Structure formats: structure tokens, C-alpha cells
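Structure file query28.cif (mmCIF, N, CA and C atoms) follows.
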```cif
data_start
#
loop_
_atom_site.label_atom_id
_atom_site.label_comp_id
_atom_site.auth_asym_id
_atom_site.auth_seq_id
_atom_site.Cartn_x
_atom_site.Cartn_y
_atom_site.Cartn_z
N MET A 147 -15.60 40.31 49.02
CA MET A 147 -14.40 39.63 49.46
C MET A 147 -14.68 38.90 50.77
N ARG A 148 -13.92 37.90 50.97
CA ARG A 148 -14.08 37.06 52.15
C ARG A 148 -13.39 37.67 53.36
N ASN A 149 -13.98 37.50 54.52
CA ASN A 149 -13.40 38.07 55.73
C ASN A 149 -12.57 37.06 56.51
N ASP A 150 -12.36 35.86 55.99
CA ASP A 150 -11.61 34.82 56.67
C ASP A 150 -10.11 35.11 56.55
N ASP A 151 -9.56 35.84 57.52
CA ASP A 151 -8.16 36.25 57.48
C ASP A 151 -7.20 35.09 57.69
N SER A 152 -7.70 33.95 58.17
CA SER A 152 -6.80 32.82 58.38
C SER A 152 -6.29 32.27 57.05
N ARG A 153 -7.03 32.44 55.96
CA ARG A 153 -6.62 31.95 54.64
C ARG A 153 -5.96 33.04 53.81
N ARG A 154 -6.07 34.27 54.21
CA ARG A 154 -5.57 35.38 53.40
C ARG A 154 -4.44 36.08 54.11
N ARG A 155 -3.55 36.67 53.33
CA ARG A 155 -2.48 37.49 53.88
C ARG A 155 -2.47 38.82 53.17
N GLY A 156 -3.63 39.36 52.85
CA GLY A 156 -3.69 40.62 52.12
C GLY A 156 -3.27 40.41 50.68
N ARG A 157 -2.68 41.40 50.06
CA ARG A 157 -2.29 41.30 48.67
C ARG A 157 -0.88 40.76 48.49
N TYR A 158 -0.17 40.47 49.59
CA TYR A 158 1.20 39.97 49.52
C TYR A 158 1.20 38.46 49.41
N LEU A 159 1.98 37.93 48.49
CA LEU A 159 2.06 36.49 48.29
C LEU A 159 3.50 36.03 48.51
N SER A 160 3.63 34.78 48.93
CA SER A 160 4.97 34.21 49.05
C SER A 160 5.52 33.98 47.64
N PRO A 161 6.84 33.87 47.50
CA PRO A 161 7.41 33.60 46.17
C PRO A 161 6.83 32.34 45.53
N MET A 162 6.57 31.31 46.33
CA MET A 162 6.01 30.07 45.78
C MET A 162 4.59 30.31 45.27
N GLU A 163 3.79 31.08 45.99
CA GLU A 163 2.43 31.37 45.54
C GLU A 163 2.44 32.15 44.23
N ILE A 164 3.40 33.06 44.08
CA ILE A 164 3.51 33.82 42.83
C ILE A 164 3.82 32.88 41.67
N VAL A 165 4.77 31.98 41.87
CA VAL A 165 5.12 31.02 40.82
C VAL A 165 3.91 30.14 40.48
N LEU A 166 3.24 29.61 41.50
CA LEU A 166 2.09 28.74 41.25
C LEU A 166 0.97 29.47 40.52
N ARG A 167 0.70 30.71 40.90
CA ARG A 167 -0.33 31.49 40.22
C ARG A 167 0.01 31.70 38.75
N SER A 168 1.29 31.89 38.45
CA SER A 168 1.69 32.18 37.08
C SER A 168 1.66 30.95 36.18
N ILE A 169 2.01 29.78 36.72
CA ILE A 169 2.06 28.59 35.86
C ILE A 169 0.80 27.74 35.92
N ALA A 170 0.03 27.85 36.99
CA ALA A 170 -1.17 27.03 37.12
C ALA A 170 -2.24 27.76 37.90
N PRO A 171 -2.89 28.76 37.28
CA PRO A 171 -3.88 29.55 38.01
C PRO A 171 -5.06 28.72 38.52
N GLU A 172 -5.32 27.58 37.87
CA GLU A 172 -6.45 26.76 38.34
C GLU A 172 -6.17 26.13 39.71
N PHE A 173 -4.89 26.08 40.13
CA PHE A 173 -4.56 25.53 41.43
C PHE A 173 -4.34 26.64 42.48
N ASP A 174 -4.71 27.84 42.12
CA ASP A 174 -4.55 28.99 43.00
C ASP A 174 -5.34 28.77 44.29
N VAL A 175 -4.65 28.89 45.45
CA VAL A 175 -5.32 28.68 46.72
C VAL A 175 -6.38 29.73 46.99
N PHE A 176 -6.30 30.88 46.30
CA PHE A 176 -7.29 31.93 46.50
C PHE A 176 -8.37 31.90 45.42
N ASN A 177 -8.34 30.91 44.55
CA ASN A 177 -9.24 30.88 43.39
C ASN A 177 -10.71 30.96 43.79
N SER A 178 -11.08 30.36 44.91
CA SER A 178 -12.48 30.39 45.31
C SER A 178 -12.93 31.80 45.67
N GLU A 179 -12.00 32.63 46.14
CA GLU A 179 -12.35 33.99 46.50
C GLU A 179 -12.33 34.91 45.30
N ARG A 180 -11.54 34.56 44.29
CA ARG A 180 -11.41 35.35 43.09
C ARG A 180 -10.97 36.78 43.42
N ASP A 181 -9.94 36.91 44.26
CA ASP A 181 -9.38 38.22 44.55
C ASP A 181 -9.05 38.92 43.24
N TRP A 182 -9.19 40.22 43.23
CA TRP A 182 -9.00 40.97 42.01
C TRP A 182 -7.97 42.05 42.22
N ALA A 183 -6.96 42.08 41.37
CA ALA A 183 -5.94 43.12 41.40
C ALA A 183 -5.72 43.58 39.96
N PRO A 184 -6.26 44.73 39.59
CA PRO A 184 -6.12 45.19 38.21
C PRO A 184 -4.66 45.44 37.82
N GLU A 185 -4.38 45.30 36.53
CA GLU A 185 -3.03 45.46 35.99
C GLU A 185 -2.61 46.93 36.03
N VAL A 186 -1.33 47.18 36.34
CA VAL A 186 -0.81 48.54 36.49
C VAL A 186 0.52 48.68 35.75
N ASP A 187 0.71 49.83 35.09
CA ASP A 187 2.00 50.22 34.53
C ASP A 187 2.41 51.51 35.22
N ILE A 188 3.67 51.59 35.65
CA ILE A 188 4.20 52.81 36.27
C ILE A 188 5.45 53.20 35.49
N THR A 189 5.45 54.44 34.95
CA THR A 189 6.60 54.93 34.21
C THR A 189 7.06 56.24 34.82
N GLU A 190 8.30 56.61 34.48
CA GLU A 190 8.88 57.84 35.03
C GLU A 190 9.71 58.51 33.95
N ASP A 191 9.61 59.83 33.88
CA ASP A 191 10.52 60.60 33.03
C ASP A 191 11.17 61.66 33.92
N ALA A 192 11.78 62.64 33.33
CA ALA A 192 12.52 63.63 34.11
C ALA A 192 11.63 64.45 35.04
N GLU A 193 10.36 64.64 34.67
CA GLU A 193 9.50 65.54 35.45
C GLU A 193 8.29 64.90 36.10
N THR A 194 7.89 63.70 35.65
CA THR A 194 6.66 63.10 36.18
C THR A 194 6.78 61.60 36.37
N ILE A 195 5.87 61.09 37.19
CA ILE A 195 5.62 59.66 37.31
C ILE A 195 4.20 59.46 36.78
N VAL A 196 4.02 58.49 35.89
CA VAL A 196 2.71 58.24 35.31
C VAL A 196 2.29 56.81 35.66
N VAL A 197 1.07 56.71 36.20
CA VAL A 197 0.51 55.41 36.57
C VAL A 197 -0.71 55.17 35.68
N ARG A 198 -0.73 54.00 35.03
CA ARG A 198 -1.89 53.59 34.23
C ARG A 198 -2.40 52.29 34.81
N ILE A 199 -3.70 52.24 35.08
CA ILE A 199 -4.30 51.04 35.67
C ILE A 199 -5.55 50.68 34.88
N GLU A 200 -5.64 49.42 34.46
CA GLU A 200 -6.76 48.96 33.66
C GLU A 200 -7.95 48.65 34.55
N LEU A 201 -9.05 49.36 34.32
CA LEU A 201 -10.27 49.19 35.11
C LEU A 201 -11.50 49.14 34.20
N PRO A 202 -11.54 48.20 33.26
CA PRO A 202 -12.67 48.16 32.33
C PRO A 202 -13.99 47.87 33.04
N GLY A 203 -15.03 48.53 32.58
CA GLY A 203 -16.35 48.29 33.13
C GLY A 203 -16.63 48.98 34.44
N MET A 204 -15.73 49.84 34.88
CA MET A 204 -15.94 50.52 36.16
C MET A 204 -16.42 51.94 35.94
N ASN A 205 -17.09 52.47 36.95
CA ASN A 205 -17.52 53.85 37.00
C ASN A 205 -16.45 54.67 37.70
N ARG A 206 -16.17 55.86 37.20
CA ARG A 206 -15.16 56.69 37.86
C ARG A 206 -15.53 57.02 39.30
N ASP A 207 -16.83 57.02 39.62
CA ASP A 207 -17.27 57.31 40.98
C ASP A 207 -16.94 56.18 41.95
N ASP A 208 -16.59 55.00 41.43
CA ASP A 208 -16.28 53.85 42.27
C ASP A 208 -14.78 53.69 42.50
N ILE A 209 -14.00 54.73 42.16
CA ILE A 209 -12.54 54.68 42.28
C ILE A 209 -12.08 55.81 43.19
N GLU A 210 -11.18 55.50 44.13
CA GLU A 210 -10.59 56.52 45.00
C GLU A 210 -9.08 56.47 44.88
N ILE A 211 -8.46 57.65 44.82
CA ILE A 211 -7.00 57.76 44.70
C ILE A 211 -6.51 58.61 45.86
N ASP A 212 -5.41 58.16 46.49
CA ASP A 212 -4.88 58.88 47.65
C ASP A 212 -3.35 58.82 47.61
N ILE A 213 -2.71 59.92 47.98
CA ILE A 213 -1.25 59.95 48.13
C ILE A 213 -0.94 60.41 49.54
N ALA A 214 -0.13 59.61 50.24
CA ALA A 214 0.28 59.98 51.60
C ALA A 214 1.62 59.33 51.90
N ASN A 215 2.55 60.11 52.43
CA ASN A 215 3.86 59.60 52.86
C ASN A 215 4.58 58.81 51.78
N GLY A 216 4.51 59.29 50.54
CA GLY A 216 5.22 58.64 49.45
C GLY A 216 4.58 57.37 48.92
N VAL A 217 3.33 57.12 49.30
CA VAL A 217 2.61 55.93 48.85
C VAL A 217 1.35 56.35 48.09
N LEU A 218 1.20 55.82 46.88
CA LEU A 218 0.00 56.04 46.08
C LEU A 218 -0.93 54.86 46.30
N SER A 219 -2.18 55.13 46.68
CA SER A 219 -3.17 54.07 46.90
C SER A 219 -4.35 54.28 45.96
N ILE A 220 -4.77 53.19 45.35
CA ILE A 220 -5.93 53.21 44.46
C ILE A 220 -6.87 52.12 44.96
N VAL A 221 -8.10 52.52 45.29
CA VAL A 221 -9.09 51.61 45.84
C VAL A 221 -10.35 51.74 45.01
N GLY A 222 -11.03 50.62 44.80
CA GLY A 222 -12.27 50.69 44.05
C GLY A 222 -13.08 49.43 44.17
N GLU A 223 -14.23 49.47 43.49
CA GLU A 223 -15.11 48.30 43.47
C GLU A 223 -15.75 48.18 42.10
N LYS A 224 -15.57 47.02 41.50
CA LYS A 224 -16.23 46.71 40.24
C LYS A 224 -17.46 45.90 40.59
N LYS A 225 -18.62 46.50 40.34
CA LYS A 225 -19.88 45.88 40.76
C LYS A 225 -20.33 44.83 39.75
N ASN A 226 -20.80 43.71 40.29
CA ASN A 226 -21.29 42.61 39.48
C ASN A 226 -22.64 42.95 38.89
N GLU A 227 -22.82 42.59 37.63
CA GLU A 227 -24.12 42.76 37.01
C GLU A 227 -25.09 41.79 37.66
N THR A 228 -26.38 42.11 37.62
CA THR A 228 -27.39 41.24 38.19
C THR A 228 -27.40 39.91 37.44
N GLU A 229 -27.36 38.83 38.20
CA GLU A 229 -27.37 37.51 37.60
C GLU A 229 -28.79 36.99 37.48
N ASP A 230 -29.06 36.30 36.40
CA ASP A 230 -30.32 35.61 36.23
C ASP A 230 -30.13 34.21 36.80
N LYS A 231 -30.88 33.86 37.81
CA LYS A 231 -30.72 32.56 38.47
C LYS A 231 -31.04 31.40 37.54
N ASN A 232 -31.77 31.63 36.45
CA ASN A 232 -32.11 30.57 35.50
C ASN A 232 -31.02 30.40 34.43
N MET A 233 -29.95 31.18 34.54
CA MET A 233 -28.89 31.16 33.54
C MET A 233 -27.85 30.09 33.89
N THR A 234 -27.38 29.39 32.87
CA THR A 234 -26.30 28.42 33.05
C THR A 234 -25.00 29.07 32.61
N TRP A 235 -24.01 29.09 33.51
CA TRP A 235 -22.71 29.66 33.19
C TRP A 235 -21.81 28.58 32.62
N HIS A 236 -21.18 28.85 31.49
CA HIS A 236 -20.23 27.92 30.90
C HIS A 236 -18.79 28.34 31.21
N ARG A 237 -18.60 29.61 31.42
CA ARG A 237 -17.28 30.12 31.79
C ARG A 237 -17.50 31.45 32.49
N ARG A 238 -16.76 31.67 33.56
CA ARG A 238 -16.87 32.93 34.28
C ARG A 238 -15.47 33.39 34.65
N GLU A 239 -14.93 34.34 33.88
CA GLU A 239 -13.57 34.81 34.10
C GLU A 239 -13.51 36.28 34.51
N VAL A 240 -14.54 37.04 34.24
CA VAL A 240 -14.54 38.45 34.60
C VAL A 240 -14.62 38.56 36.12
N ARG A 241 -13.71 39.34 36.66
CA ARG A 241 -13.65 39.48 38.11
C ARG A 241 -14.41 40.71 38.57
N TYR A 242 -15.07 40.58 39.70
CA TYR A 242 -15.82 41.66 40.30
C TYR A 242 -15.42 41.75 41.77
N GLY A 243 -15.76 42.87 42.37
CA GLY A 243 -15.50 43.04 43.79
C GLY A 243 -14.57 44.20 44.06
N CYS A 244 -14.15 44.29 45.30
CA CYS A 244 -13.28 45.38 45.74
C CYS A 244 -11.82 45.05 45.45
N PHE A 245 -11.05 46.09 45.21
CA PHE A 245 -9.61 45.93 45.06
C PHE A 245 -8.92 47.09 45.76
N SER A 246 -7.67 46.88 46.08
CA SER A 246 -6.84 47.92 46.68
C SER A 246 -5.41 47.68 46.21
N ARG A 247 -4.82 48.69 45.59
CA ARG A 247 -3.43 48.62 45.15
C ARG A 247 -2.70 49.80 45.76
N SER A 248 -1.52 49.55 46.31
CA SER A 248 -0.69 50.60 46.89
C SER A 248 0.73 50.45 46.37
N PHE A 249 1.37 51.60 46.07
CA PHE A 249 2.70 51.59 45.51
C PHE A 249 3.56 52.65 46.18
N THR A 250 4.74 52.26 46.61
CA THR A 250 5.69 53.23 47.12
C THR A 250 6.29 53.94 45.92
N LEU A 251 6.18 55.25 45.88
CA LEU A 251 6.67 56.02 44.74
C LEU A 251 8.19 56.12 44.79
N PRO A 252 8.84 56.08 43.62
CA PRO A 252 10.30 56.08 43.59
C PRO A 252 10.95 57.41 43.95
N THR A 253 10.16 58.48 43.98
CA THR A 253 10.69 59.79 44.34
C THR A 253 9.55 60.64 44.89
N GLU A 254 9.88 61.78 45.46
CA GLU A 254 8.85 62.66 46.01
C GLU A 254 8.06 63.31 44.89
N VAL A 255 6.74 63.42 45.10
CA VAL A 255 5.86 64.04 44.10
C VAL A 255 5.07 65.18 44.73
N ASN A 256 4.57 66.04 43.87
CA ASN A 256 3.74 67.16 44.30
C ASN A 256 2.28 66.73 44.19
N GLY A 257 1.73 66.25 45.29
CA GLY A 257 0.35 65.77 45.30
C GLY A 257 -0.68 66.82 44.94
N ASP A 258 -0.38 68.09 45.24
CA ASP A 258 -1.32 69.17 44.93
C ASP A 258 -1.46 69.39 43.43
N GLU A 259 -0.45 69.00 42.66
CA GLU A 259 -0.47 69.19 41.20
C GLU A 259 -0.82 67.90 40.45
N ALA A 260 -1.11 66.83 41.17
CA ALA A 260 -1.42 65.55 40.53
C ALA A 260 -2.73 65.66 39.73
N ARG A 261 -2.79 64.90 38.62
CA ARG A 261 -3.98 64.89 37.77
C ARG A 261 -4.36 63.43 37.50
N ALA A 262 -5.66 63.19 37.36
CA ALA A 262 -6.14 61.85 37.02
C ALA A 262 -7.21 61.97 35.96
N SER A 263 -7.19 61.03 35.01
CA SER A 263 -8.23 60.96 33.98
C SER A 263 -8.63 59.50 33.82
N TYR A 264 -9.84 59.28 33.34
CA TYR A 264 -10.36 57.93 33.15
C TYR A 264 -11.04 57.88 31.80
N GLU A 265 -10.45 57.10 30.88
CA GLU A 265 -10.97 57.03 29.53
C GLU A 265 -10.80 55.61 28.99
N ASN A 266 -11.85 55.08 28.37
CA ASN A 266 -11.83 53.75 27.77
C ASN A 266 -11.35 52.67 28.73
N GLY A 267 -11.76 52.78 29.99
CA GLY A 267 -11.42 51.75 30.97
C GLY A 267 -10.01 51.83 31.53
N VAL A 268 -9.28 52.91 31.23
CA VAL A 268 -7.93 53.07 31.74
C VAL A 268 -7.85 54.34 32.59
N LEU A 269 -7.44 54.16 33.84
CA LEU A 269 -7.21 55.29 34.74
C LEU A 269 -5.76 55.71 34.58
N LYS A 270 -5.55 57.00 34.31
CA LYS A 270 -4.19 57.54 34.15
C LYS A 270 -3.98 58.59 35.22
N ILE A 271 -2.92 58.42 35.99
CA ILE A 271 -2.57 59.37 37.06
C ILE A 271 -1.21 59.95 36.73
N VAL A 272 -1.13 61.28 36.64
CA VAL A 272 0.12 61.96 36.36
C VAL A 272 0.55 62.68 37.63
N LEU A 273 1.74 62.33 38.12
CA LEU A 273 2.26 62.87 39.37
C LEU A 273 3.53 63.66 39.08
N PRO A 274 3.44 65.00 39.10
CA PRO A 274 4.66 65.80 38.89
C PRO A 274 5.62 65.62 40.06
N LYS A 275 6.90 65.51 39.75
CA LYS A 275 7.92 65.36 40.79
C LYS A 275 8.08 66.68 41.54
N GLU A 276 8.44 66.56 42.80
CA GLU A 276 8.75 67.74 43.60
C GLU A 276 9.97 68.43 43.00
N GLU A 277 10.01 69.72 43.11
CA GLU A 277 11.13 70.50 42.57
C GLU A 277 12.46 69.97 43.10
N LYS A 278 12.52 69.64 44.38
CA LYS A 278 13.78 69.17 44.96
C LYS A 278 14.15 67.77 44.48
N ALA A 279 13.21 67.02 43.89
CA ALA A 279 13.50 65.67 43.41
C ALA A 279 13.91 65.63 41.95
N LEU A 280 13.79 66.76 41.24
CA LEU A 280 14.15 66.80 39.83
C LEU A 280 15.65 66.64 39.64
N HIS A 281 16.02 65.97 38.59
CA HIS A 281 17.43 65.73 38.27
C HIS A 281 18.04 67.00 37.70
N ARG A 282 19.19 67.38 38.23
CA ARG A 282 19.87 68.58 37.74
C ARG A 282 21.36 68.28 37.54
N LYS A 283 21.95 68.94 36.56
CA LYS A 283 23.40 68.87 36.37
C LYS A 283 24.04 69.82 37.36
N ILE A 284 25.18 69.45 37.87
CA ILE A 284 25.92 70.30 38.80
C ILE A 284 27.22 70.71 38.12
N LYS A 285 27.40 72.00 38.01
CA LYS A 285 28.62 72.52 37.38
C LYS A 285 29.78 72.46 38.38
N ILE A 286 30.89 72.01 37.89
CA ILE A 286 32.09 71.93 38.73
C ILE A 286 32.78 73.28 38.69
N GLU A 287 32.96 73.85 39.86
CA GLU A 287 33.59 75.16 39.95
C GLU A 287 35.10 75.04 39.98
N GLY A 288 35.75 76.12 39.54
CA GLY A 288 37.21 76.17 39.67
C GLY A 288 37.97 76.06 38.40
#
```

Show me the file's structure as C-alpha cells.
Amino acid sequence: MRNDDSRRRGRYLSPMEIVLRSIAPEFDVFNSERDWAPEVDITEDAETIVVRIELPGMNRDDIEIDIANGVLSIVGEKKNETEDKNMTWHRREVRYGCFSRSFTLPTEVNGDEARASYENGVLKIVLPKEEKALHRKIKIEG
């Protein structure tokens, strides 16, 4: 990744940049850097929050997961294969490099009971909700 902070604002984009990236990625102002942010799904049921993040071609040893102060952070690096300098590229769309994704969790979770698995290029993180955050019915007395 590039260290020129004058052109970058981290992973946050203005609303206009988001629109431009979605309708015309070839005009992306960050296209030369090829920043990489893997796709994520976050779901919730009565007892858990489940995060699935697509990381094809990565080694589980190159991924770090951290929970602190209600924020889940996933950091990693997808290493580029060795290039043959005599090779002519006709298209290059696979992204390589470091990424960092952070998400504010919608409720408190029990980090000590969290589980993560990595299979077929998909990292799955299961975060059990804290006992005090679980939904309960309240009986009306009287």
C-alpha cells in the first residue's frame, strides 16, 4: 500500500466517491493503488452475530482478528504470487496487499466465547451475545 496520506483518507470515502466507484470503477481516484477491501456479510440472530468475509487465496496465518470496545477488526495480507518479468499481462483484476476492516458491533458480545473458522476462502466468525444483551420477554405483574 502507498504511504502518501495526502491522497488517501483511510477506508472512509465521501458519498460522491462511493457513487463514482460503483458506476465507473475505471475512474476511481484510488485505482492506481488498488486498495483492497474484501466483501463482508454480517448477520444476527437471537443468540449470535455471525461475520463472513471472503478471503480467497489467503493463508489463515496471514489473518488477524481482534475484538475491543465493541469493535471487531480483521486485518490481513494477501501476498502476490511471483511475477515473471517476461510475462505480458492482458488483464489484472485480482487484488493483493494488506487490508483492514473494522465494524462496530450492534450489541455486546462475549469475546471469550468467540469462534473463527476458515474454509474454502471464507472466514466465518461466530460471536455469542453477552447474556445481558440477549432479548427476553418481560412478564407484566399484577

Selected residue, from A:Glu277, A:Asp208, A:Glu239, A:Asp191, that lies nearest to A:Val255 when counting only C-alpha atoms:
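Closest candidate: A:Glu277.
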
Of the listed residues A:Tyr264, A:Lys270, A:Gly222, A:Ser248, that which approaches A:Asp187 most closely, counting only C-alpha atoms:
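So, comparing all the options, the nearest one is A:Lys270.
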
Selection result of the PyMOL selection byres (((chain A and resi 198 and name CA) around 10) and name CA) on this file, as a list in words
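With the PyMOL selection byres (((chain A and resi 198 and name CA) around 10) and name CA) on this model, the match is Glu185, Val186, Asp187, Ile188, Thr189, Val196, Val197, Ile199, Glu200, Leu201, Ala262, Ser263, Tyr264, Val268, Leu269, Lys270, Ile271 and Val272 of chain A.
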
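For the set A:Gly243, A:Gly288, A:Gly216, A:Gly257, the residue with the smallest atom-to-atom gap to A:Lys275 is A:Gly257, counting all atoms listed in the file.
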
Suppose you want the space between atom C of A:Leu251 and atom C of A:Leu218; what is it in Å?
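A separation of 9.3 Å between them.
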
I need the residue nearest A:Arg247 from this list: A:Asn266, A:Ala260, A:Lys278, A:Val221. Use all atoms listed in the file for the distance.
A:Val221

Shell of 6.5 Å around A:Val217, only N, CA and C atoms, local chain residues under 3 positions omitted, as a PyMOL selection string:
chain A and resi 212-214+248-251

Can you tell me how far atom CA of A:Glu193 sits from atom CA of A:Gly267, in Å to one decimal?
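The value is 25.5 Å.
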
Hey, can you check how far atom CA of A:Leu273 sits from atom CA of A:Ser219?
12.8 Å
